[in-house]
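Take a look at the structure set out below.
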Amino acid sequence: MPEHRQSFITKYIFSTDHKRIAQQYLFFGIFFLLWGGLQAMLLRWQIAYPETEVPIVGKLLFPENNGILTPDTYNQVLTMHGTVMIFWAVTPLLTGAFANFVVPLQIGAADMAFPVLNMISFWTFFFSGVVLLLSHYGPGGSAAAGWTSYPPLSTPVGGIPGWGQALWCLSLVLMGTAVIMGAINYITTVIRLRAPGMTYMRMPLTVWGIWLSSILNAIFVPIIAAGLIFLLLDNVLGTQFFVAGGKATVKGGDPLLYQHVFWLFGHPEVYILILPVWGLVSDLLSTFSRKPAFGYRVTVLCMGVITVLSALVWGHHMYVAGMSPLLGKSFMFLTLLISLPTSIFFLNWLGTMWKGSLRFDAPMLFAMSVVFVFGLGGLTGLYMGVITSDMYLHDSMFLVGHFHYTLAASVLMGSFAGMYYWFPKMFGRQMDPFWGKAHFWITFLALNYVFFNMLGVGYAGQHRRLFDPGAYDFIKPLMPMNRQISTAAFILGAAQGIFILNFVIALLRGPKAARNPWESATLEWTVDYPIPHGNFAAQPVVKCGPHEYSNPKIKGKDWASQTEDIG
Amino acid sequence: MSRGLKIPGILFLLLAGFSVHAHASIWGMPFPEDISTNGHLIDDVIRYIDKVLVIFFGAVAAAIIYFIIRYRSRPGHQAVYETGNKKVYVIATILLGMTVFFSIDAVIEHMSFRDLNGVFWNFPQGKNVLKIEVMPQQFAWNIRYAGTDGEFATQDDIVAPLSQMHVPVDTPVLLQLSAFDVVHAFYVPYLRIKQDVVPGMITTFWFQAKKTGKFEIACSALCGNGHYKMRGDLIVESKEDFQKWLDAQAAQASSPDDVWADSGPSTGGVPKDWGWKWQARI
């Protein structure tokens, strides 16, 4: 594509360049990651030291109450923590920043299939974030019915006043619209714009993960959007789609219907977030082990099987919700089937490292830690997937620990791996390797301390979303451990300062990065920074798979780019 | 210590930390006391999964640590080109899948189905079964007994003081629950039981306590600002004491001074006649 002039606005703000949009998503995601993280700190402070002034930020955030959280602000914070982290932090990082940056470059395309749609998608996402943030300032504060927002609590009969819930629905519908636009774009780009020679079975696993996750997004986000529009109507027009019981004024509403709709989307959402991470981790383990990804075809097959299964297991969130027993058993059977492809994933990850030559750069450390933390996250899923153990552990801190191991630990560590890995190509500079590793070790140890012991207190019976857990006698003996968890959480939060400083300093005056600092084989490393609008000077032609490391046929180096013919 | 060995060293320390934790239970915390005749079934399946987790996660962690030491990049060390597509690896993959299916999925599914069919979803019938209706509201538990006629939603129903559930020991107790306003969840950690309570529908479960005493009932589903203090008391007493208590309640049942639960003008109170005809098993 020829050089063309761009004004400041078309270049930096309303850009249609996928690389610029990726950067916008990255900053957007990191901002919300910090916002959601701050909320996590508030929650941990309240759980450990109930009804005392929150240090440092308390007076700033809750001046009307001397910096002390009240039950309603606590419920708002826990609701917004979950919502922000899932939809506005890790979603833009994975299916926004990485997907935008990586998909066209790794498949050898000039840009996304629909560049203008891509821009609209980001600005819709941005606007949804503004609506969500503004909901804090409306009368009555933000939504406070949990990130799942089960009705009737999330409707006017729930006794939570204010606009928060309506704005929450609205912002999520907007966010969903942005995600659907993005998903359509990724699906089309992968199908239509692969470079010559880039067959499906030569695509990097990151692209596979993002592609499958986009298919799930395109199918299931419309479902939750529909459900949330009904919830919005319940909130603003006085309909009662999801209201029943003594508080209902008309007959016919069904609270369980919302739960079905929510989890019909909500369970695939878990895989929407984890599939890109699995792909990314598989690629990174291969690159930094200097070995091909073990059992590439089986890995792709497992991803496909999981994509299908993820759509069939939503009922396991509702074992104790009053669902038909027969349904519960079917959901349990299907849920446990997921253990098969997942265990094969682990075999292939370990197989990739086996007999490799492991380089412990920051992206590799984060990628390896995903294998570790997802091991715990996946296996603790067994407790939640079995009906009888779920009767005891459902809605407990054990559940909180479990999904933080899968979402917070695995997805976040995977996101960090991606950020450290692609930073040189995204910004042309190198982050400091020492502080990258320091960030890794503090994060890894603190994060495990936090989530492992959440599992522990849940095992001992503590349930979740309690403003003051000490209100229950059976939780009182667990309070010392709750305080330890909080201390570790504060260390975890503070350690992210290392990352932010490293990121900002590298951005401003980091050393210039080489074209291919990690000696990676995929196509994005064949172009120099700054990558021009249109990416490749000449159409790349792909001649081999994405993981040609240590192939004895390659002479002089231990890797071959996908454009090299190794015979 | 070389740079390459520091990382495995720290990982070993971490694993050692986990095994110290493992002393009490693998999660470092014990279960609450089990006061029900069937809670051990739930503990058993959980303990089985504990073992599965230790073995499979232990294998993964051990492999990672071994690989970090054995295959760390160093001068003179070369990676072996291995794509993992040979027949032998495909067979290994299938074997792993079968191992996982038969040692994890099949076993815990069998245990769980057996306990659900035999116990938890096999509701007790007969004269000795105590039936109770529960209607939670923000933020308390309304509890109703059938009275002398054995029928619910009649004049002689006995309504217990707010959030007080008395049950006799060694007697099956069958509960039907329906929420007044929002979704609540009836949770007694000592019974290993949790059941969501949904407005507009009736959910059912049963338990049998084997120990007398006073135990906490918790609401485990976020139900509003007072969720954290939506406590109730489960009072398990001898059959004689329970009958005495029930008779005393019956004497007061028709008192005109009945104070009904009212959580304030914002939510309104539960109407006086909240009980429903006992639902036959669906």
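Every chain in the structure tokens has a letter given in the order shown (A, B, ...), and although residue numbers restart at 1 in each chain, ligands are simply numbered from 1 in the order shown.
All residues of protein, DNA or RNA that reach within 7 Å of Pro199 (chain B), judged by only C-alpha atoms and not counting those fewer than 3 positions away in the chain, are Ala244 and Gly245 of chain A; Ser178, Ala179, Phe180, Asp181, Val182 and Val183 of chain B.
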Name all residues at most 12 Å from Glu82 (chain B) (count only C-alpha atoms; drop same-chain ones fewer than 6 positions away) and give them as a list of chain:residue names.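 Surrounding residues, per the criterion: A:Ser286, A:Ser289, A:Arg290, A:Lys291, A:Pro292, A:Ala293, A:Phe294, A:Gly295, A:Tyr296, A:Asn348, A:Gly351, A:Thr352, A:Met353, A:Trp354, A:Lys355, A:Gly356, A:His547, A:Glu548, A:Tyr549, A:Ser550, A:Asn551, A:Pro552, B:Tyr89.
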How about saving the chosen residues, C-alpha atoms kept, as a PDB file, in the first residue's frame?
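The result, stored in again-v8.pdb:
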ATOM      1  CA  SER A 286       7.127 -23.515  21.568  1.00  0.00           C
ATOM      2  CA  SER A 289      11.498 -23.992  24.274  1.00  0.00           C
ATOM      3  CA  ARG A 290      12.950 -23.799  20.741  1.00  0.00           C
ATOM      4  CA  LYS A 291      10.768 -26.743  19.744  1.00  0.00           C
ATOM      5  CA  PRO A 292       7.619 -27.173  17.643  1.00  0.00           C
ATOM      6  CA  ALA A 293       4.330 -27.115  19.532  1.00  0.00           C
ATOM      7  CA  PHE A 294       3.817 -30.737  20.544  1.00  0.00           C
ATOM      8  CA  GLY A 295       0.914 -32.416  18.729  1.00  0.00           C
ATOM      9  CA  TYR A 296      -0.221 -29.284  16.872  1.00  0.00           C
ATOM     10  CA  ASN A 348       0.893 -31.163  24.769  1.00  0.00           C
ATOM     11  CA  GLY A 351       5.408 -32.285  25.528  1.00  0.00           C
ATOM     12  CA  THR A 352       6.429 -28.958  24.009  1.00  0.00           C
ATOM     13  CA  MET A 353       8.852 -28.235  26.861  1.00  0.00           C
ATOM     14  CA  TRP A 354      10.129 -31.824  26.964  1.00  0.00           C
ATOM     15  CA  LYS A 355      13.592 -32.114  25.373  1.00  0.00           C
ATOM     16  CA  GLY A 356      13.522 -28.406  24.565  1.00  0.00           C
ATOM     17  CA  HIS A 547       6.825 -23.590  14.898  1.00  0.00           C
ATOM     18  CA  GLU A 548       9.921 -24.546  12.900  1.00  0.00           C
ATOM     19  CA  TYR A 549      12.421 -24.475  15.750  1.00  0.00           C
ATOM     20  CA  SER A 550      15.529 -26.658  15.965  1.00  0.00           C
ATOM     21  CA  ASN A 551      14.679 -28.393  12.717  1.00  0.00           C
ATOM     22  CA  PRO A 552      17.912 -30.179  11.706  1.00  0.00           C
TER      23      PRO A 552
ATOM     24  CA  TYR B  89       2.242 -39.987  20.910  1.00  0.00           C
TER      25      TYR B  89
END
Excluding Leu358 (chain A) and residues on its chain fewer than 5 positions from it, collect all residues at most 12 Å away from it, counting only C-alpha atoms, and give them as number ranges by chain. A: 284-291, 350, 352-353, 363-365, 367-368; B: 4, 7, 64-75, 77-80
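Distances to Arg231 (chain B) were evaluated for B:Gly126, B:Gly213, B:Pro32, B:Pro136 using only C-alpha atoms, and the minimum falls at B:Pro136.
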List every residue of region 238-400 of chain A that DSSP, applied to the backbone, labels as alpha helix (DSSP H), and write the result as JSON, numbers by chain. {"A": [255, 256, 257, 258, 259, 260, 261, 262, 263, 264, 265, 266, 267, 268, 269, 270, 271, 272, 273, 274, 275, 276, 277, 278, 279, 280, 281, 282, 283, 284, 285, 286, 287, 288, 289, 296, 297, 298, 299, 300, 301, 302, 303, 304, 305, 306, 307, 308, 309, 310, 325, 326, 327, 328, 329, 330, 331, 332, 333, 334, 335, 336, 337, 339, 340, 341, 342, 343, 344, 345, 346, 347, 348, 349, 350, 351, 352, 353, 362, 363, 364, 365, 366, 367, 368, 369, 370, 371, 372, 373, 374, 375, 376, 377, 378, 379, 380, 381, 382, 383, 384, 385, 387, 388, 389, 390, 391, 392, 393, 397, 398, 399, 400]}
Please identify all residues of chain B having at least one atom at most 7 Å from any atom of chain A, considering only C-alpha atoms, and return them as a PDB file with N, CA and C atoms, in the first residue's frame.
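Final output, saved to part.pdb:
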ATOM      1  N   TRP B  27      -6.117 -28.209  51.348  1.00  0.00           N
ATOM      2  CA  TRP B  27      -6.361 -26.764  51.248  1.00  0.00           C
ATOM      3  C   TRP B  27      -5.953 -26.033  52.516  1.00  0.00           C
ATOM      4  N   GLY B  28      -5.362 -26.756  53.473  1.00  0.00           N
ATOM      5  CA  GLY B  28      -4.890 -26.094  54.679  1.00  0.00           C
ATOM      6  C   GLY B  28      -5.985 -25.792  55.676  1.00  0.00           C
ATOM      7  N   MET B  29      -7.201 -26.141  55.337  1.00  0.00           N
ATOM      8  CA  MET B  29      -8.330 -25.822  56.214  1.00  0.00           C
ATOM      9  C   MET B  29      -9.185 -27.075  56.364  1.00  0.00           C
ATOM     10  N   PRO B  30      -9.726 -27.305  57.556  1.00  0.00           N
ATOM     11  CA  PRO B  30     -10.607 -28.465  57.735  1.00  0.00           C
ATOM     12  C   PRO B  30     -12.047 -28.136  57.328  1.00  0.00           C
ATOM     13  N   PHE B  31     -12.840 -29.187  57.088  1.00  0.00           N
ATOM     14  CA  PHE B  31     -14.280 -28.994  56.924  1.00  0.00           C
ATOM     15  C   PHE B  31     -14.882 -28.524  58.248  1.00  0.00           C
ATOM     16  N   PRO B  32     -16.034 -27.859  58.204  1.00  0.00           N
ATOM     17  CA  PRO B  32     -16.774 -27.657  59.454  1.00  0.00           C
ATOM     18  C   PRO B  32     -17.258 -29.019  59.958  1.00  0.00           C
ATOM     19  N   ILE B  42     -20.934 -36.303  50.834  1.00  0.00           N
ATOM     20  CA  ILE B  42     -20.381 -35.148  50.132  1.00  0.00           C
ATOM     21  C   ILE B  42     -18.895 -35.012  50.442  1.00  0.00           C
ATOM     22  N   VAL B  45     -16.844 -37.535  48.313  1.00  0.00           N
ATOM     23  CA  VAL B  45     -16.580 -37.209  46.909  1.00  0.00           C
ATOM     24  C   VAL B  45     -15.553 -36.072  46.835  1.00  0.00           C
ATOM     25  N   ILE B  46     -15.653 -35.127  47.768  1.00  0.00           N
ATOM     26  CA  ILE B  46     -14.676 -34.029  47.783  1.00  0.00           C
ATOM     27  C   ILE B  46     -13.278 -34.579  48.063  1.00  0.00           C
ATOM     28  N   ILE B  49     -11.826 -36.158  45.009  1.00  0.00           N
ATOM     29  CA  ILE B  49     -11.304 -35.171  44.051  1.00  0.00           C
ATOM     30  C   ILE B  49     -10.004 -34.566  44.587  1.00  0.00           C
ATOM     31  N   LEU B  53      -6.627 -34.369  42.467  1.00  0.00           N
ATOM     32  CA  LEU B  53      -5.924 -33.108  42.267  1.00  0.00           C
ATOM     33  C   LEU B  53      -4.457 -33.248  42.659  1.00  0.00           C
ATOM     34  N   PHE B  57      -2.155 -32.740  39.530  1.00  0.00           N
ATOM     35  CA  PHE B  57      -1.450 -31.470  39.613  1.00  0.00           C
ATOM     36  C   PHE B  57       0.000 -31.697  40.031  1.00  0.00           C
ATOM     37  N   ALA B  61       3.170 -30.276  38.040  1.00  0.00           N
ATOM     38  CA  ALA B  61       4.148 -29.406  38.695  1.00  0.00           C
ATOM     39  C   ALA B  61       5.526 -30.053  38.699  1.00  0.00           C
ATOM     40  N   PHE B  67      11.619 -30.238  33.977  1.00  0.00           N
ATOM     41  CA  PHE B  67      11.991 -29.691  32.662  1.00  0.00           C
ATOM     42  C   PHE B  67      12.812 -28.420  32.813  1.00  0.00           C
ATOM     43  N   TYR B  71      16.109 -29.178  31.035  1.00  0.00           N
ATOM     44  CA  TYR B  71      16.126 -28.664  29.667  1.00  0.00           C
ATOM     45  C   TYR B  71      16.348 -27.161  29.601  1.00  0.00           C
ATOM     46  N   ARG B  72      16.887 -26.556  30.689  1.00  0.00           N
ATOM     47  CA  ARG B  72      17.119 -25.109  30.624  1.00  0.00           C
ATOM     48  C   ARG B  72      18.160 -24.819  29.551  1.00  0.00           C
ATOM     49  N   SER B  73      17.991 -23.702  28.907  1.00  0.00           N
ATOM     50  CA  SER B  73      18.924 -23.311  27.859  1.00  0.00           C
ATOM     51  C   SER B  73      20.294 -23.053  28.464  1.00  0.00           C
ATOM     52  N   HIS B  77      23.712 -27.119  25.013  1.00  0.00           N
ATOM     53  CA  HIS B  77      22.450 -27.862  25.061  1.00  0.00           C
ATOM     54  C   HIS B  77      21.612 -27.515  23.847  1.00  0.00           C
ATOM     55  N   GLN B  78      21.082 -28.528  23.200  1.00  0.00           N
ATOM     56  CA  GLN B  78      20.298 -28.347  21.968  1.00  0.00           C
ATOM     57  C   GLN B  78      18.909 -28.932  22.145  1.00  0.00           C
ATOM     58  N   ALA B  79      17.922 -28.212  21.659  1.00  0.00           N
ATOM     59  CA  ALA B  79      16.568 -28.777  21.674  1.00  0.00           C
ATOM     60  C   ALA B  79      16.472 -29.875  20.624  1.00  0.00           C
ATOM     61  N   VAL B  80      15.605 -30.855  20.877  1.00  0.00           N
ATOM     62  CA  VAL B  80      15.390 -31.945  19.921  1.00  0.00           C
ATOM     63  C   VAL B  80      14.138 -31.632  19.109  1.00  0.00           C
ATOM     64  N   TYR B  81      14.250 -31.730  17.770  1.00  0.00           N
ATOM     65  CA  TYR B  81      13.110 -31.430  16.900  1.00  0.00           C
ATOM     66  C   TYR B  81      12.096 -32.553  17.025  1.00  0.00           C
ATOM     67  N   GLU B  82      10.984 -32.254  17.665  1.00  0.00           N
ATOM     68  CA  GLU B  82       9.986 -33.299  17.923  1.00  0.00           C
ATOM     69  C   GLU B  82       8.602 -32.668  17.810  1.00  0.00           C
ATOM     70  N   THR B  83       7.843 -33.047  16.781  1.00  0.00           N
ATOM     71  CA  THR B  83       6.552 -32.404  16.585  1.00  0.00           C
ATOM     72  C   THR B  83       5.435 -33.085  17.362  1.00  0.00           C
ATOM     73  N   GLY B  84       5.725 -34.280  17.879  1.00  0.00           N
ATOM     74  CA  GLY B  84       4.685 -34.964  18.648  1.00  0.00           C
ATOM     75  C   GLY B  84       3.569 -35.521  17.797  1.00  0.00           C
ATOM     76  N   ASN B  85       3.841 -35.756  16.535  1.00  0.00           N
ATOM     77  CA  ASN B  85       2.783 -36.283  15.668  1.00  0.00           C
ATOM     78  C   ASN B  85       2.958 -37.766  15.371  1.00  0.00           C
ATOM     79  N   THR B  93      -1.716 -40.146  23.910  1.00  0.00           N
ATOM     80  CA  THR B  93      -2.795 -39.178  24.134  1.00  0.00           C
ATOM     81  C   THR B  93      -4.106 -39.890  24.414  1.00  0.00           C
ATOM     82  N   GLY B  97      -6.380 -39.834  27.790  1.00  0.00           N
ATOM     83  CA  GLY B  97      -7.807 -39.544  27.786  1.00  0.00           C
ATOM     84  C   GLY B  97      -8.599 -40.615  28.511  1.00  0.00           C
ATOM     85  N   VAL B 100      -7.980 -40.465  32.287  1.00  0.00           N
ATOM     86  CA  VAL B 100      -8.741 -39.373  32.898  1.00  0.00           C
ATOM     87  C   VAL B 100     -10.209 -39.759  32.983  1.00  0.00           C
ATOM     88  N   PHE B 101     -10.735 -40.332  31.900  1.00  0.00           N
ATOM     89  CA  PHE B 101     -12.160 -40.648  31.901  1.00  0.00           C
ATOM     90  C   PHE B 101     -12.495 -41.688  32.962  1.00  0.00           C
ATOM     91  N   ASP B 105     -13.576 -38.969  35.767  1.00  0.00           N
ATOM     92  CA  ASP B 105     -14.968 -38.706  35.391  1.00  0.00           C
ATOM     93  C   ASP B 105     -15.906 -39.829  35.827  1.00  0.00           C
ATOM     94  N   SER B 112     -21.471 -39.502  42.595  1.00  0.00           N
ATOM     95  CA  SER B 112     -22.447 -38.422  42.696  1.00  0.00           C
ATOM     96  C   SER B 112     -23.850 -38.895  42.321  1.00  0.00           C
ATOM     97  N   ALA B 179     -39.025 -18.031  47.710  1.00  0.00           N
ATOM     98  CA  ALA B 179     -38.615 -16.727  48.219  1.00  0.00           C
ATOM     99  C   ALA B 179     -39.713 -15.704  48.018  1.00  0.00           C
ATOM    100  N   PHE B 180     -39.750 -14.727  48.921  1.00  0.00           N
ATOM    101  CA  PHE B 180     -40.769 -13.679  48.826  1.00  0.00           C
ATOM    102  C   PHE B 180     -40.363 -12.617  47.799  1.00  0.00           C
ATOM    103  N   ASP B 181     -39.078 -12.198  47.844  1.00  0.00           N
ATOM    104  CA  ASP B 181     -38.692 -11.054  47.015  1.00  0.00           C
ATOM    105  C   ASP B 181     -37.612 -11.382  45.983  1.00  0.00           C
ATOM    106  N   VAL B 182     -36.424 -11.746  46.455  1.00  0.00           N
ATOM    107  CA  VAL B 182     -35.322 -11.990  45.527  1.00  0.00           C
ATOM    108  C   VAL B 182     -34.778 -13.397  45.773  1.00  0.00           C
ATOM    109  N   VAL B 183     -33.797 -13.809  44.963  1.00  0.00           N
ATOM    110  CA  VAL B 183     -33.210 -15.137  45.131  1.00  0.00           C
ATOM    111  C   VAL B 183     -32.349 -15.153  46.395  1.00  0.00           C
ATOM    112  N   PRO B 189     -23.557 -24.913  56.621  1.00  0.00           N
ATOM    113  CA  PRO B 189     -22.292 -25.609  56.346  1.00  0.00           C
ATOM    114  C   PRO B 189     -22.170 -26.919  57.103  1.00  0.00           C
ATOM    115  N   ARG B 192     -23.684 -29.565  55.090  1.00  0.00           N
ATOM    116  CA  ARG B 192     -23.146 -29.666  53.718  1.00  0.00           C
ATOM    117  C   ARG B 192     -24.251 -29.441  52.681  1.00  0.00           C
ATOM    118  N   ILE B 193     -25.200 -28.607  53.010  1.00  0.00           N
ATOM    119  CA  ILE B 193     -26.369 -28.445  52.140  1.00  0.00           C
ATOM    120  C   ILE B 193     -26.506 -26.997  51.733  1.00  0.00           C
ATOM    121  N   LYS B 194     -26.856 -26.831  50.463  1.00  0.00           N
ATOM    122  CA  LYS B 194     -27.135 -25.495  49.973  1.00  0.00           C
ATOM    123  C   LYS B 194     -28.231 -25.614  48.936  1.00  0.00           C
ATOM    124  N   GLN B 195     -29.246 -24.772  49.024  1.00  0.00           N
ATOM    125  CA  GLN B 195     -30.327 -24.812  48.034  1.00  0.00           C
ATOM    126  C   GLN B 195     -30.789 -23.392  47.766  1.00  0.00           C
ATOM    127  N   ASP B 196     -30.782 -23.013  46.506  1.00  0.00           N
ATOM    128  CA  ASP B 196     -31.290 -21.689  46.162  1.00  0.00           C
ATOM    129  C   ASP B 196     -32.786 -21.625  46.438  1.00  0.00           C
ATOM    130  N   PRO B 199     -38.011 -16.809  44.010  1.00  0.00           N
ATOM    131  CA  PRO B 199     -39.404 -16.357  44.047  1.00  0.00           C
ATOM    132  C   PRO B 199     -40.193 -16.965  42.890  1.00  0.00           C
ATOM    133  N   GLY B 200     -41.438 -17.312  43.149  1.00  0.00           N
ATOM    134  CA  GLY B 200     -42.301 -17.811  42.088  1.00  0.00           C
ATOM    135  C   GLY B 200     -42.204 -19.294  41.853  1.00  0.00           C
ATOM    136  N   THR B 203     -38.598 -24.912  45.663  1.00  0.00           N
ATOM    137  CA  THR B 203     -37.501 -25.866  45.617  1.00  0.00           C
ATOM    138  C   THR B 203     -37.554 -26.729  46.870  1.00  0.00           C
ATOM    139  N   SER B 220     -26.556 -17.722  51.245  1.00  0.00           N
ATOM    140  CA  SER B 220     -25.311 -17.738  50.467  1.00  0.00           C
ATOM    141  C   SER B 220     -25.479 -17.140  49.081  1.00  0.00           C
ATOM    142  N   ALA B 221     -26.624 -16.551  48.783  1.00  0.00           N
ATOM    143  CA  ALA B 221     -26.779 -15.860  47.488  1.00  0.00           C
ATOM    144  C   ALA B 221     -26.973 -14.379  47.767  1.00  0.00           C
ATOM    145  N   LEU B 222     -26.178 -13.547  47.098  1.00  0.00           N
ATOM    146  CA  LEU B 222     -26.254 -12.105  47.331  1.00  0.00           C
ATOM    147  C   LEU B 222     -27.698 -11.638  47.179  1.00  0.00           C
ATOM    148  N   CYS B 223     -28.239 -11.005  48.250  1.00  0.00           N
ATOM    149  CA  CYS B 223     -29.657 -10.651  48.211  1.00  0.00           C
ATOM    150  C   CYS B 223     -29.888  -9.208  48.600  1.00  0.00           C
ATOM    151  N   ASN B 225     -28.305  -5.358  50.614  1.00  0.00           N
ATOM    152  CA  ASN B 225     -27.367  -4.777  51.579  1.00  0.00           C
ATOM    153  C   ASN B 225     -27.242  -5.578  52.865  1.00  0.00           C
ATOM    154  N   TYR B 228     -25.138 -10.010  54.249  1.00  0.00           N
ATOM    155  CA  TYR B 228     -24.093 -10.558  55.129  1.00  0.00           C
ATOM    156  C   TYR B 228     -24.601 -10.884  56.516  1.00  0.00           C
ATOM    157  N   LYS B 229     -25.753 -10.305  56.908  1.00  0.00           N
ATOM    158  CA  LYS B 229     -26.254 -10.621  58.257  1.00  0.00           C
ATOM    159  C   LYS B 229     -27.584 -11.341  58.202  1.00  0.00           C
ATOM    160  N   SER B 266     -39.521   0.161  52.522  1.00  0.00           N
ATOM    161  CA  SER B 266     -38.948   0.095  51.174  1.00  0.00           C
ATOM    162  C   SER B 266     -39.266  -1.228  50.499  1.00  0.00           C
ATOM    163  N   THR B 267     -39.279  -2.316  51.247  1.00  0.00           N
ATOM    164  CA  THR B 267     -39.529  -3.604  50.618  1.00  0.00           C
ATOM    165  C   THR B 267     -40.897  -4.168  50.969  1.00  0.00           C
TER     166      THR B 267
END
Leaving out Ser128 (chain A) and any residue of its chain fewer than 4 positions from it, which residues lie within 12 Å of it when counting only C-alpha atoms, given as a JSON list (two decimals) with N, CA and C atoms, in the first residue's frame?
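Output (selection.json):
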[["chain", "number", "residue", "atom", "x", "y", "z"],
["A", 28, "PHE", "N", -6.68, 1.09, 26.90],
["A", 28, "PHE", "CA", -8.03, 1.01, 27.47],
["A", 28, "PHE", "C", -8.12, -0.16, 28.46],
["A", 84, "VAL", "N", -16.01, -5.13, 35.53],
["A", 84, "VAL", "CA", -14.89, -4.43, 34.90],
["A", 84, "VAL", "C", -13.81, -5.41, 34.49],
["A", 87, "PHE", "N", -15.26, -7.86, 31.51],
["A", 87, "PHE", "CA", -15.71, -7.29, 30.24],
["A", 87, "PHE", "C", -14.88, -6.10, 29.78],
["A", 88, "TRP", "N", -14.28, -5.34, 30.71],
["A", 88, "TRP", "CA", -13.57, -4.15, 30.28],
["A", 88, "TRP", "C", -12.07, -4.22, 30.49],
["A", 92, "PRO", "N", -10.92, -6.52, 26.40],
["A", 92, "PRO", "CA", -10.18, -5.67, 25.46],
["A", 92, "PRO", "C", -8.73, -6.08, 25.29],
["A", 121, "SER", "N", -15.97, -0.48, 16.17],
["A", 121, "SER", "CA", -16.00, -1.43, 17.28],
["A", 121, "SER", "C", -15.25, -0.87, 18.48],
["A", 122, "PHE", "N", -14.05, -0.33, 18.26],
["A", 122, "PHE", "CA", -13.31, 0.21, 19.39],
["A", 122, "PHE", "C", -14.04, 1.38, 20.03],
["A", 123, "TRP", "N", -14.55, 2.30, 19.20],
["A", 123, "TRP", "CA", -15.16, 3.49, 19.81],
["A", 123, "TRP", "C", -16.48, 3.16, 20.48],
["A", 124, "THR", "N", -17.18, 2.11, 20.01],
["A", 124, "THR", "CA", -18.36, 1.64, 20.74],
["A", 124, "THR", "C", -17.94, 1.09, 22.09],
["A", 132, "LEU", "N", -20.28, 2.94, 31.70],
["A", 132, "LEU", "CA", -20.08, 2.16, 32.92],
["A", 132, "LEU", "C", -19.47, 3.03, 34.01],
["A", 133, "LEU", "N", -18.46, 3.82, 33.67],
["A", 133, "LEU", "CA", -17.81, 4.66, 34.68],
["A", 133, "LEU", "C", -18.79, 5.72, 35.20],
["A", 134, "LEU", "N", -19.60, 6.28, 34.27],
["A", 134, "LEU", "CA", -20.55, 7.30, 34.70],
["A", 134, "LEU", "C", -21.59, 6.74, 35.66],
["A", 135, "SER", "N", -21.87, 5.42, 35.55],
["A", 135, "SER", "CA", -22.89, 4.85, 36.42],
["A", 135, "SER", "C", -22.51, 4.99, 37.89],
["A", 167, "LEU", "N", -27.94, 1.51, 33.83],
["A", 167, "LEU", "CA", -26.74, 1.90, 33.09],
["A", 167, "LEU", "C", -25.81, 0.70, 32.89],
["A", 168, "TRP", "N", -25.80, -0.19, 33.88],
["A", 168, "TRP", "CA", -25.01, -1.41, 33.77],
["A", 168, "TRP", "C", -25.48, -2.23, 32.57],
["A", 169, "CYS", "N", -26.81, -2.42, 32.46],
["A", 169, "CYS", "CA", -27.36, -3.17, 31.32],
["A", 169, "CYS", "C", -27.00, -2.49, 30.01],
["A", 170, "LEU", "N", -27.18, -1.17, 29.99],
["A", 170, "LEU", "CA", -26.94, -0.41, 28.77],
["A", 170, "LEU", "C", -25.48, -0.53, 28.35],
["A", 171, "SER", "N", -24.58, -0.36, 29.32],
["A", 171, "SER", "CA", -23.16, -0.40, 28.96],
["A", 171, "SER", "C", -22.77, -1.79, 28.47],
["A", 172, "LEU", "N", -23.36, -2.84, 29.07],
["A", 172, "LEU", "CA", -23.02, -4.19, 28.62],
["A", 172, "LEU", "C", -23.57, -4.48, 27.23],
["A", 173, "VAL", "N", -24.76, -3.94, 26.93],
["A", 173, "VAL", "CA", -25.30, -4.14, 25.59],
["A", 173, "VAL", "C", -24.40, -3.44, 24.57],
["A", 174, "LEU", "N", -23.93, -2.23, 24.90],
["A", 174, "LEU", "CA", -23.00, -1.52, 24.02],
["A", 174, "LEU", "C", -21.71, -2.30, 23.85],
["A", 175, "MET", "N", -21.19, -2.78, 24.99],
["A", 175, "MET", "CA", -19.95, -3.56, 24.96],
["A", 175, "MET", "C", -20.15, -4.79, 24.08],
["A", 176, "GLY", "N", -21.31, -5.45, 24.26],
["A", 176, "GLY", "CA", -21.60, -6.64, 23.46],
["A", 176, "GLY", "C", -21.64, -6.31, 21.97],
["A", 177, "THR", "N", -22.22, -5.15, 21.63],
["A", 177, "THR", "CA", -22.27, -4.73, 20.23],
["A", 177, "THR", "C", -20.86, -4.60, 19.68],
["A", 178, "ALA", "N", -19.99, -3.97, 20.47],
["A", 178, "ALA", "CA", -18.60, -3.81, 20.03],
["A", 178, "ALA", "C", -17.93, -5.17, 19.84],
["A", 179, "VAL", "N", -18.19, -6.07, 20.78],
["A", 179, "VAL", "CA", -17.56, -7.39, 20.70],
["A", 179, "VAL", "C", -18.06, -8.16, 19.47]]
Just list the residues in region 350-527 of chain A DSSP gives strand (DSSP E or B) on the backbone, as JSON, numbers by chain. {"A": [358, 396, 429, 463, 512]}
